[in-house]
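query_28.txt follows (compact mmCIF, C-alpha atoms):
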# COMPACT_ATOMS: atom_id res chain seq x y z
CA MET P 1 103.97 81.22 113.84
CA LYS P 2 102.55 80.80 117.29
CA ILE P 3 101.18 83.77 119.14
CA HIS P 4 102.97 84.58 122.36
CA TYR P 5 100.95 86.41 124.95
CA PRO P 6 102.72 88.31 127.73
CA ALA P 7 102.31 87.14 131.30
CA GLY P 8 98.79 87.74 132.52
CA VAL P 9 97.27 88.10 129.07
CA LYS P 10 94.99 85.21 128.23
CA ALA P 11 94.67 83.96 124.69
CA PRO P 12 91.13 84.51 123.47
CA THR P 13 88.97 81.42 123.33
CA ASN P 14 86.75 82.83 120.66
CA SER P 15 86.68 80.30 117.86
CA ARG P 16 84.19 81.89 115.49
CA GLU P 17 85.21 82.35 111.91
CA ILE P 18 87.65 85.19 111.39
CA THR P 19 86.32 87.42 108.66
CA SER P 20 88.06 90.41 107.19
CA LYS P 21 85.82 92.52 109.35
CA THR P 22 86.69 90.92 112.66
CA LYS P 23 90.29 89.84 112.23
CA ARG P 24 91.72 93.23 113.15
CA ARG P 25 89.78 93.31 116.35
CA ILE P 26 90.13 89.86 117.81
CA ARG P 27 93.29 87.85 118.22
CA PRO P 28 92.54 84.51 116.62
CA LYS P 29 92.80 81.17 118.39
CA ILE P 30 95.42 79.18 116.54
CA ALA P 31 94.42 75.88 114.94
CA VAL P 32 96.55 74.01 112.39
CA GLY P 33 94.30 75.15 109.57
CA ASN P 34 94.44 78.88 110.15
CA ARG P 35 98.07 79.52 110.96
CA GLY P 36 98.47 81.29 107.62
CA MET P 37 95.62 83.53 108.69
CA ALA P 38 97.25 84.15 112.09
CA PHE P 39 100.48 85.15 110.31
CA GLU P 40 98.51 87.58 108.15
CA ALA P 41 96.73 88.92 111.24
CA ALA P 42 100.09 89.46 112.97
CA ILE P 43 101.42 91.39 109.96
CA ASN P 44 98.24 93.48 109.76
CA ALA P 45 98.42 94.25 113.49
CA THR P 46 102.06 95.30 113.06
CA ASN P 47 101.14 97.57 110.14
CA ASP P 48 98.26 99.03 112.16
CA TYR P 49 100.77 99.83 114.92
CA TYR P 50 103.13 101.53 112.44
CA LEU P 51 100.22 103.50 110.95
CA GLU P 52 98.96 104.64 114.34
CA LYS P 53 102.44 105.82 115.38
CA GLY P 54 102.99 107.57 112.03
CA ILE P 55 106.04 105.38 111.33
CA ALA P 56 104.95 103.78 108.06
CA VAL P 57 101.85 103.40 105.91
CA ILE P 58 101.75 99.82 104.65
CA HIS P 59 98.53 98.03 103.73
CA LYS P 60 97.52 94.62 102.50
CA LYS P 61 95.90 94.93 99.10
CA PRO P 62 92.38 93.54 98.87
CA THR P 63 92.12 90.17 97.12
CA PRO P 64 91.19 90.80 93.49
CA ILE P 65 87.73 89.45 92.75
CA HIS P 66 86.02 89.07 89.40
CA ILE P 67 82.43 90.12 89.90
CA VAL P 68 79.86 88.49 87.65
CA LYS P 69 76.48 89.32 89.17
CA VAL P 70 75.31 92.08 91.51
CA ASP P 71 71.79 92.32 92.87
CA TYR P 72 71.11 96.05 93.18
CA GLN P 73 67.64 95.47 94.60
CA LYS P 74 69.26 94.12 97.75
CA GLY P 75 71.62 97.03 98.40
CA ALA P 76 74.35 95.99 95.94
CA LYS P 77 74.66 92.39 97.05
CA ILE P 78 77.23 90.48 95.01
CA THR P 79 75.67 87.10 94.17
CA GLU P 80 78.28 85.64 91.84
CA ALA P 81 81.99 86.32 91.93
CA TYR P 82 85.31 84.47 91.76
CA PHE P 83 88.76 84.89 93.26
CA GLN P 84 91.39 86.12 90.82
CA GLU P 85 95.11 85.42 90.72
CA PRO P 86 96.90 88.51 92.13
CA SER P 87 99.32 90.09 89.64
CA THR P 88 101.41 91.79 92.30
CA THR P 89 102.45 91.15 95.89
CA ASP P 90 100.12 91.41 98.89
CA TYR P 91 101.62 94.38 100.74
CA ASN P 92 102.93 97.77 99.72
CA GLY P 93 103.32 101.23 101.13
CA ILE P 94 105.79 103.86 102.27
CA TYR P 95 108.51 104.01 104.93
CA ARG P 96 111.13 106.75 105.26
CA GLY P 97 110.07 108.17 101.89
CA LYS P 98 110.71 104.88 100.11
CA TYR P 99 108.35 102.53 98.35
CA ILE P 100 108.04 99.26 100.29
CA ASP P 101 106.79 96.05 98.67
CA PHE P 102 106.56 92.57 100.13
CA GLU P 103 104.89 89.21 100.03
CA ALA P 104 104.13 87.07 103.09
CA LYS P 105 104.25 83.29 102.92
CA SER P 106 104.01 80.40 105.36
CA THR P 107 105.70 77.04 104.92
CA HIS P 108 104.66 73.93 106.81
CA SER P 109 107.70 71.97 105.66
CA SER P 110 110.50 71.51 108.20
CA THR P 111 113.24 71.40 105.59
CA SER P 112 112.45 73.77 102.70
CA PHE P 113 110.30 76.52 101.19
CA PRO P 114 108.64 75.29 97.95
CA LEU P 115 108.94 77.71 95.02
CA ALA P 116 105.41 76.68 94.01
CA ASN P 117 104.34 79.16 96.72
CA ILE P 118 105.44 82.06 94.53
CA ALA P 119 103.62 82.94 91.31
CA PRO P 120 105.79 83.86 88.27
CA GLN P 121 103.98 87.20 87.92
CA GLN P 122 104.99 88.06 91.50
CA VAL P 123 108.67 87.55 90.63
CA LYS P 124 108.15 89.73 87.54
CA HIS P 125 106.46 92.41 89.66
CA LEU P 126 109.25 92.36 92.28
CA ARG P 127 111.95 92.66 89.59
CA ALA P 128 110.12 95.68 88.14
CA VAL P 129 109.84 97.53 91.45
CA LEU P 130 113.42 96.63 92.49
CA LYS P 131 114.66 98.17 89.24
CA LEU P 132 112.92 101.42 90.20
CA GLY P 133 114.50 101.50 93.69
CA ALA P 134 111.95 99.72 95.88
CA VAL P 135 112.71 98.10 99.20
CA ALA P 136 111.32 94.64 98.46
CA PHE P 137 111.35 91.43 100.46
CA PHE P 138 109.50 88.32 101.61
CA LEU P 139 108.31 87.61 105.12
CA ILE P 140 108.56 83.85 105.48
CA ASP P 141 106.90 82.05 108.34
CA ILE P 142 108.48 78.68 109.11
CA VAL P 143 105.47 77.30 110.93
CA LYS P 144 106.94 74.15 112.50
CA GLN P 145 110.01 75.84 113.93
CA ASP P 146 108.02 78.93 114.87
CA GLU P 147 110.43 81.33 113.14
CA VAL P 148 109.79 84.31 110.86
CA TYR P 149 112.42 85.63 108.44
CA LEU P 150 112.66 88.75 106.32
CA VAL P 151 114.36 87.65 103.10
CA PRO P 152 115.48 90.16 100.44
CA ALA P 153 113.41 89.87 97.24
CA THR P 154 116.55 89.83 95.08
CA TYR P 155 117.68 86.57 96.69
CA VAL P 156 114.27 84.90 96.28
CA CYS P 157 113.84 86.18 92.69
CA ASP P 158 117.33 84.91 91.75
CA PHE P 159 116.46 81.51 93.19
CA CYS P 160 113.10 81.42 91.36
CA GLU P 161 114.73 82.26 88.04
CA GLU P 162 117.89 80.16 88.28
CA LYS P 163 115.95 77.33 89.95
CA PRO P 164 118.89 75.25 91.22
CA ARG P 165 116.11 73.20 92.88
CA GLY P 166 112.34 73.28 93.33
CA SER P 167 112.44 74.64 96.86
CA ILE P 168 114.70 76.84 98.95
CA PRO P 169 116.29 74.91 101.85
CA LEU P 170 115.33 76.51 105.16
CA ASP P 171 119.02 76.86 106.06
CA GLU P 172 119.42 79.10 103.01
CA ILE P 173 116.41 81.15 104.15
CA ARG P 174 118.09 81.50 107.54
CA SER P 175 121.47 82.50 106.16
CA HIS P 176 120.17 84.95 103.52
CA GLY P 177 117.35 86.31 105.66
CA TYR P 178 117.04 88.21 108.93
CA ARG P 179 115.09 86.78 111.85
CA VAL P 180 112.01 88.80 112.85
CA GLU P 181 111.60 88.36 116.59
CA GLU P 182 108.02 88.18 117.81
CA LYS P 183 106.96 90.66 120.45
CA TYR P 184 103.71 91.69 122.02
CA ASN P 185 103.40 95.02 120.24
CA PRO P 186 104.28 95.48 117.44
CA ARG P 187 103.92 91.76 116.88
CA LEU P 188 106.42 91.37 114.02
CA ASP P 189 108.66 94.42 114.20
CA TYR P 190 110.28 94.17 110.75
CA LEU P 191 111.13 97.84 110.10
CA PRO P 192 114.36 97.87 112.25
CA ILE P 193 115.67 95.16 109.89
CA LEU P 194 115.09 97.50 106.94
CA ASP P 195 116.89 100.29 108.82
CA ALA P 196 119.90 98.05 109.42
CA HIS P 197 120.17 96.32 106.06
CA PHE P 198 118.23 98.22 103.38
CA PHE P 199 118.65 101.90 104.26
CA LEU P 200 122.43 102.23 104.05
CA MET W 1 86.98 112.91 79.32
CA LYS W 2 86.41 112.10 75.66
CA ILE W 3 88.69 109.73 73.88
CA HIS W 4 90.62 111.22 70.96
CA TYR W 5 91.67 108.82 68.26
CA PRO W 6 94.48 109.73 65.91
CA ALA W 7 93.72 110.20 62.22
CA GLY W 8 92.84 106.94 60.57
CA VAL W 9 92.04 105.12 63.82
CA LYS W 10 88.36 104.36 64.13
CA ALA W 11 86.68 104.39 67.51
CA PRO W 12 85.42 100.91 68.31
CA THR W 13 81.71 100.43 67.90
CA ASN W 14 81.60 97.64 70.42
CA SER W 15 79.05 98.60 73.01
CA ARG W 16 79.05 95.54 75.24
CA GLU W 17 79.51 96.03 78.92
CA ILE W 18 83.07 96.79 79.94
CA THR W 19 84.09 94.35 82.64
CA SER W 20 87.37 94.39 84.53
CA LYS W 21 88.46 91.57 82.26
CA THR W 22 87.84 93.34 78.97
CA LYS W 23 88.49 96.97 79.78
CA ARG W 24 92.24 96.73 79.32
CA ARG W 25 91.84 95.22 75.91
CA ILE W 26 89.10 97.22 74.22
CA ARG W 27 88.77 100.96 74.03
CA PRO W 28 85.30 101.70 75.32
CA LYS W 29 82.65 103.61 73.40
CA ILE W 30 81.80 106.62 75.52
CA ALA W 31 78.24 107.03 76.76
CA VAL W 32 77.22 109.53 79.42
CA GLY W 33 76.87 106.78 82.01
CA ASN W 34 80.33 105.27 81.74
CA ARG W 35 82.59 108.27 81.46
CA GLY W 36 83.97 107.56 84.92
CA MET W 37 84.81 104.09 83.73
CA ALA W 38 86.44 105.47 80.59
CA PHE W 39 88.57 107.76 82.76
CA GLU W 40 89.63 104.78 84.85
CA ALA W 41 90.36 102.79 81.69
CA ALA W 42 92.52 105.65 80.37
CA ILE W 43 94.51 105.76 83.63
CA ASN W 44 94.94 101.98 83.62
CA ALA W 45 96.09 102.04 80.00
CA THR W 46 98.59 104.77 80.89
CA ASN W 47 99.90 102.76 83.83
CA ASP W 48 100.15 99.67 81.61
CA TYR W 49 102.27 101.72 79.21
CA TYR W 50 104.57 102.89 82.03
CA LEU W 51 104.86 99.31 83.33
CA GLU W 52 105.69 97.91 79.91
CA LYS W 53 108.38 100.53 79.33
CA GLY W 54 109.83 100.02 82.83
CA ILE W 55 109.16 103.69 83.70
CA ALA W 56 106.91 103.22 86.73
CA VAL W 57 104.96 100.48 88.51
CA ILE W 58 101.58 101.92 89.50
CA HIS W 59 98.47 99.79 89.96
CA LYS W 60 94.86 100.35 90.84
CA LYS W 61 94.05 98.53 94.05
CA PRO W 62 91.24 96.00 93.85
CA THR W 63 87.93 97.16 95.33
CA PRO W 64 87.70 95.82 98.89
CA ILE W 65 84.91 93.29 99.20
CA HIS W 66 83.48 91.73 102.33
CA ILE W 67 82.89 88.08 101.55
CA VAL W 68 80.09 86.38 103.44
CA LYS W 69 79.50 83.07 101.65
CA VAL W 70 81.67 80.94 99.38
CA ASP W 71 80.46 77.78 97.69
CA TYR W 72 83.54 75.54 97.54
CA GLN W 73 81.64 72.79 95.75
CA LYS W 74 81.42 75.02 92.71
CA GLY W 75 85.14 75.86 92.50
CA ALA W 76 85.17 78.62 95.12
CA LYS W 77 82.20 80.57 93.81
CA ILE W 78 81.43 83.59 95.99
CA THR W 79 77.65 83.66 96.46
CA GLU W 80 77.26 86.49 98.96
CA ALA W 81 79.51 89.52 99.26
CA TYR W 82 79.29 93.30 99.64
CA PHE W 83 81.33 96.27 98.51
CA GLN W 84 83.34 97.92 101.28
CA GLU W 85 84.35 101.55 101.69
CA PRO W 86 88.03 101.85 100.67
CA SER W 87 90.24 103.13 103.50
CA THR W 88 92.97 104.40 101.18
CA THR W 89 93.24 105.85 97.69
CA ASP W 90 92.76 103.86 94.49
CA TYR W 91 96.26 103.98 93.00
CA ASN W 92 99.75 103.56 94.38
CA GLY W 93 103.17 102.44 93.27
CA ILE W 94 106.72 103.54 92.56
CA TYR W 95 108.34 106.06 90.23
CA ARG W 96 111.97 107.20 90.35
CA GLY W 97 112.41 105.40 93.69
CA LYS W 98 109.58 107.33 95.31
CA TYR W 99 106.25 106.16 96.64
CA ILE W 100 103.40 107.48 94.46
CA ASP W 101 99.81 107.69 95.72
CA PHE W 102 96.77 109.16 94.02
CA GLU W 103 93.03 109.17 93.70
CA ALA W 104 91.11 109.66 90.44
CA LYS W 105 87.77 111.46 90.38
CA SER W 106 85.37 112.72 87.73
CA THR W 107 83.08 115.70 88.12
CA HIS W 108 80.05 116.31 85.91
CA SER W 109 79.51 119.80 87.27
CA SER W 110 80.60 122.65 85.02
CA THR W 111 81.45 124.98 87.90
CA SER W 112 82.90 123.03 90.83
CA PHE W 113 84.24 119.77 92.28
CA PRO W 114 82.06 118.65 95.24
CA LEU W 115 84.03 117.62 98.33
CA ALA W 116 81.46 114.87 98.89
CA ASN W 117 83.48 112.97 96.26
CA ILE W 118 86.31 112.52 98.75
CA ALA W 119 85.95 110.29 101.81
CA PRO W 120 87.40 111.61 105.10
CA GLN W 121 89.54 108.46 105.49
CA GLN W 122 91.12 109.21 102.11
CA VAL W 123 92.20 112.66 103.34
CA LYS W 124 93.58 111.01 106.49
CA HIS W 125 95.47 108.46 104.38
CA LEU W 126 96.92 111.12 102.08
CA ARG W 127 98.08 113.20 105.07
CA ALA W 128 99.82 110.13 106.52
CA VAL W 129 101.70 109.27 103.31
CA LEU W 130 102.59 112.92 102.62
CA LYS W 131 104.16 113.13 106.06
CA LEU W 132 106.39 110.18 105.14
CA GLY W 133 107.53 111.78 101.87
CA ALA W 134 105.06 110.46 99.31
CA VAL W 135 104.32 112.08 95.98
CA ALA W 136 100.53 112.35 96.33
CA PHE W 137 97.90 113.96 94.14
CA PHE W 138 94.45 113.79 92.59
CA LEU W 139 93.66 113.27 88.92
CA ILE W 140 90.46 115.22 88.34
CA ASP W 141 88.43 114.74 85.19
CA ILE W 142 86.21 117.72 84.37
CA VAL W 143 83.85 115.79 82.14
CA LYS W 144 81.87 118.60 80.53
CA GLN W 145 84.89 120.67 79.56
CA ASP W 146 86.87 117.58 78.60
CA GLU W 147 89.87 118.52 80.76
CA VAL W 148 92.00 116.47 83.17
CA TYR W 149 94.07 118.06 85.93
CA LEU W 150 96.72 116.73 88.28
CA VAL W 151 96.15 118.53 91.58
CA PRO W 152 98.61 118.23 94.52
CA ALA W 153 97.07 116.29 97.44
CA THR W 154 98.19 118.96 99.92
CA TYR W 155 95.96 121.53 98.23
CA VAL W 156 92.93 119.22 98.15
CA CYS W 157 93.49 118.02 101.75
CA ASP W 158 93.79 121.62 102.98
CA PHE W 159 90.53 122.49 101.23
CA CYS W 160 88.77 119.41 102.65
CA GLU W 161 89.89 120.26 106.18
CA GLU W 162 89.42 124.03 106.15
CA LYS W 163 86.24 123.70 104.09
CA PRO W 164 85.81 127.33 103.01
CA ARG W 165 82.92 125.90 100.95
CA GLY W 166 81.40 122.53 100.08
CA SER W 167 83.03 122.24 96.68
CA ILE W 168 86.23 123.40 95.00
CA PRO W 169 85.51 125.90 92.16
CA LEU W 170 86.87 124.53 88.89
CA ASP W 171 88.91 127.70 88.40
CA GLU W 172 90.74 126.85 91.63
CA ILE W 173 91.39 123.32 90.32
CA ARG W 174 92.79 124.91 87.15
CA SER W 175 95.03 127.36 88.96
CA HIS W 176 96.34 124.93 91.60
CA GLY W 177 96.57 121.94 89.27
CA TYR W 178 98.46 121.04 86.12
CA ARG W 179 96.64 120.15 82.92
CA VAL W 180 97.19 116.57 81.73
CA GLU W 181 97.03 116.64 77.95
CA GLU W 182 95.42 113.62 76.34
CA LYS W 183 97.45 111.73 73.79
CA TYR W 184 97.10 108.51 71.90
CA ASN W 185 99.71 106.59 73.89
CA PRO W 186 100.20 106.97 76.79
CA ARG W 187 96.68 108.30 77.07
CA LEU W 188 97.14 110.50 80.15
CA ASP W 189 100.86 111.12 80.42
CA TYR W 190 100.99 112.46 83.99
CA LEU W 191 104.57 111.54 84.97
CA PRO W 192 106.24 114.52 83.19
CA ILE W 193 104.15 116.75 85.48
CA LEU W 194 105.66 114.99 88.50
CA ASP W 195 109.15 115.46 87.02
CA ALA W 196 108.55 119.19 86.60
CA HIS W 197 106.75 119.98 89.84
CA PHE W 198 107.29 117.23 92.42
CA PHE W 199 110.86 116.01 91.84
CA LEU W 200 112.81 119.20 92.46
What is this file in structure tokens?
Amino acid sequence: MKIHYPAGVKAPTNSREITSKTKRRIRPKIAVGNRGMAFEAAINATNDYYLEKGIAVIHKKPTPIHIVKVDYQKGAKITEAYFQEPSTTDYNGIYRGKYIDFEAKSTHSSTSFPLANIAPQQVKHLRAVLKLGAVAFFLIDIVKQDEVYLVPATYVCDFCEEKPRGSIPLDEIRSHGYRVEEKYNPRLDYLPILDAHFFL
Amino acid sequence: MKIHYPAGVKAPTNSREITSKTKRRIRPKIAVGNRGMAFEAAINATNDYYLEKGIAVIHKKPTPIHIVKVDYQKGAKITEAYFQEPSTTDYNGIYRGKYIDFEAKSTHSSTSFPLANIAPQQVKHLRAVLKLGAVAFFLIDIVKQDEVYLVPATYVCDFCEEKPRGSIPLDEIRSHGYRVEEKYNPRLDYLPILDAHFFL
């Protein structure tokens, strides 16, 4: 996903590290290595927009961290901790009274989306929430072609379980998914797709 | 909240520290200092039960942590990080197709529940999800009297905003909330209260 700025708006040249504290405030400069982060920033900015307008409340869950050591003499400074495998998806919340659940993924391949990107426990989680009536999907960023698709979770879960091959061809993503057009604000306006295809 | 074991089931005598890794597996020995943790463990065990039975998918969100330094030479060991103030509530998920959102709090006072326990951004968050049709509430553990109540978020938010006083008298909690009886399994069976009072 590239970031498109409207006429007259200059892309920021700030190249300092984007931390969780700053990423909501500055629009990151895109380098090959942090496109996944730019995609996440675009989703977060979109969710911030929805929250501000009272349209939806959807948040990214914090990364689960296993804390080993905390130094309480230095104002609760964590000195040893490790990243944990998430057991659910990254995003959830509420829209039009319904529970919303999704996972965002980028692929750098120009032909397919590798299933290795999706953890088995995420498929299990999505099946469980779908069974209870959730609106669940993937947002897939095809980096090289600069396209973002909203793909129903049922399709992706079926593919992961039946595994006709180790990756989903991008043409299948395109035909089973719905293109999310990029705009200035909200950046990735995915809720109208839910209105049209999930709230029937 | 004390833990009641059924006849013939001995409380574990294991007194080692309960970490996020072990707390789902062992039933903690209750000491004054970790009753809040025991309450959290009871809620997590209840949610695990609901998940296993396919009744509801409700998870505690990981604590947000601001990561400053990561040592990638030691397998992504986080060497400097700090706890962040959560901007939402601790628990959310789905039950009967609806978005569920709640916060769990313990009070050690025998007369009232201090409003200082609730962050203003949590009230703001609860108002936002309520407006969109969420089922939102507090689970309040009155430690000294060994009672747990499910209190509608609207009541608590009203009290926080109107602030007739700095704490909610426990009698008000009792009259506006619904008692959650403790059982062996699920430990704090709060969903029947939602069936009776929130899904009308």
Within 6 Å of chain W, which residues of chain P show up? Give each one with its shortest atom-to-atom distance in Å (one decimal) and the two atoms involved, counting all atoms listed in the file, rows by chain then rising residue number, as CSV.
residue,atom,partner,partner_atom,distance
P:Pro62,CA,W:Pro64,CA,5.2
P:Pro64,CA,W:Pro62,CA,5.2
P:Lys77,CA,W:Tyr82,CA,5.4
P:Ile78,CA,W:Ala81,CA,4.9
P:Thr79,CA,W:Thr79,CA,4.6
P:Glu80,CA,W:Thr79,CA,5.1
P:Ala81,CA,W:Ile78,CA,4.9
P:Tyr82,CA,W:Lys77,CA,5.4
P:Arg96,CA,W:Leu132,CA,5.9
P:Gly97,CA,W:Gly133,CA,4.4
P:Lys98,CA,W:Lys98,CA,5.5
P:Tyr99,CA,W:Tyr99,CA,4.5
P:Leu132,CA,W:Gly97,CA,5.3
P:Gly133,CA,W:Gly97,CA,4.4
Kindly export the residues of the current selection with C-alpha atoms, as a PDB file, in the frame of the given file.
ATOM      1  CA  PRO P  62      92.380  93.540  98.870  1.00  0.00           C
ATOM      2  CA  PRO P  64      91.190  90.800  93.490  1.00  0.00           C
ATOM      3  CA  LYS P  77      74.660  92.390  97.050  1.00  0.00           C
ATOM      4  CA  ILE P  78      77.230  90.480  95.010  1.00  0.00           C
ATOM      5  CA  THR P  79      75.670  87.100  94.170  1.00  0.00           C
ATOM      6  CA  GLU P  80      78.280  85.640  91.840  1.00  0.00           C
ATOM      7  CA  ALA P  81      81.990  86.320  91.930  1.00  0.00           C
ATOM      8  CA  TYR P  82      85.310  84.470  91.760  1.00  0.00           C
ATOM      9  CA  ARG P  96     111.130 106.750 105.260  1.00  0.00           C
ATOM     10  CA  GLY P  97     110.070 108.170 101.890  1.00  0.00           C
ATOM     11  CA  LYS P  98     110.710 104.880 100.110  1.00  0.00           C
ATOM     12  CA  TYR P  99     108.350 102.530  98.350  1.00  0.00           C
ATOM     13  CA  LEU P 132     112.920 101.420  90.200  1.00  0.00           C
ATOM     14  CA  GLY P 133     114.500 101.500  93.690  1.00  0.00           C
TER      15      GLY P 133
END
So, counting all atoms listed in the file, which residue among P:Asp141, P:Asp48, P:Asp71, P:Glu103 is closest to Gly36 in chain P?
P:Asp141
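CA of Tyr72 in chain P sits 22.9 Å away from CA of Lys105 in chain W.
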Any chance you could tabulate, as JSON lines, the residues of range 77-107 of chain W at most 12 Å from range 39-43 of chain W with each one's nearest atom pair and distance in Å to one decimal, using all atoms listed in the file, in chain and rising number order?
{"residue": "W:Asp90", "atom": "CA", "partner": "W:Glu40", "partner_atom": "CA", "distance": 10.2}
{"residue": "W:Tyr91", "atom": "CA", "partner": "W:Ile43", "partner_atom": "CA", "distance": 9.7}
{"residue": "W:Phe102", "atom": "CA", "partner": "W:Ile43", "partner_atom": "CA", "distance": 11.2}
{"residue": "W:Glu103", "atom": "CA", "partner": "W:Glu40", "partner_atom": "CA", "distance": 10.4}
{"residue": "W:Ala104", "atom": "CA", "partner": "W:Glu40", "partner_atom": "CA", "distance": 7.6}
{"residue": "W:Lys105", "atom": "CA", "partner": "W:Phe39", "partner_atom": "CA", "distance": 8.5}
{"residue": "W:Ser106", "atom": "CA", "partner": "W:Phe39", "partner_atom": "CA", "distance": 7.7}
{"residue": "W:Thr107", "atom": "CA", "partner": "W:Phe39", "partner_atom": "CA", "distance": 11.0}
Here CA of Asn117 in chain W and CA of His197 in chain W stand apart by 25.1 Å
Given the point (96.9, 112.1, 80.8) in the coordinates of this file, which residues lie within 9 Å, counting all atoms listed in the file, and how would they look as a ChimeraX atom specification?
/W:42-43,46,139,148-150,179-183,186-191
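CA of Arg127 in chain P sits 28.6 Å away from CA of Tyr49 in chain P.
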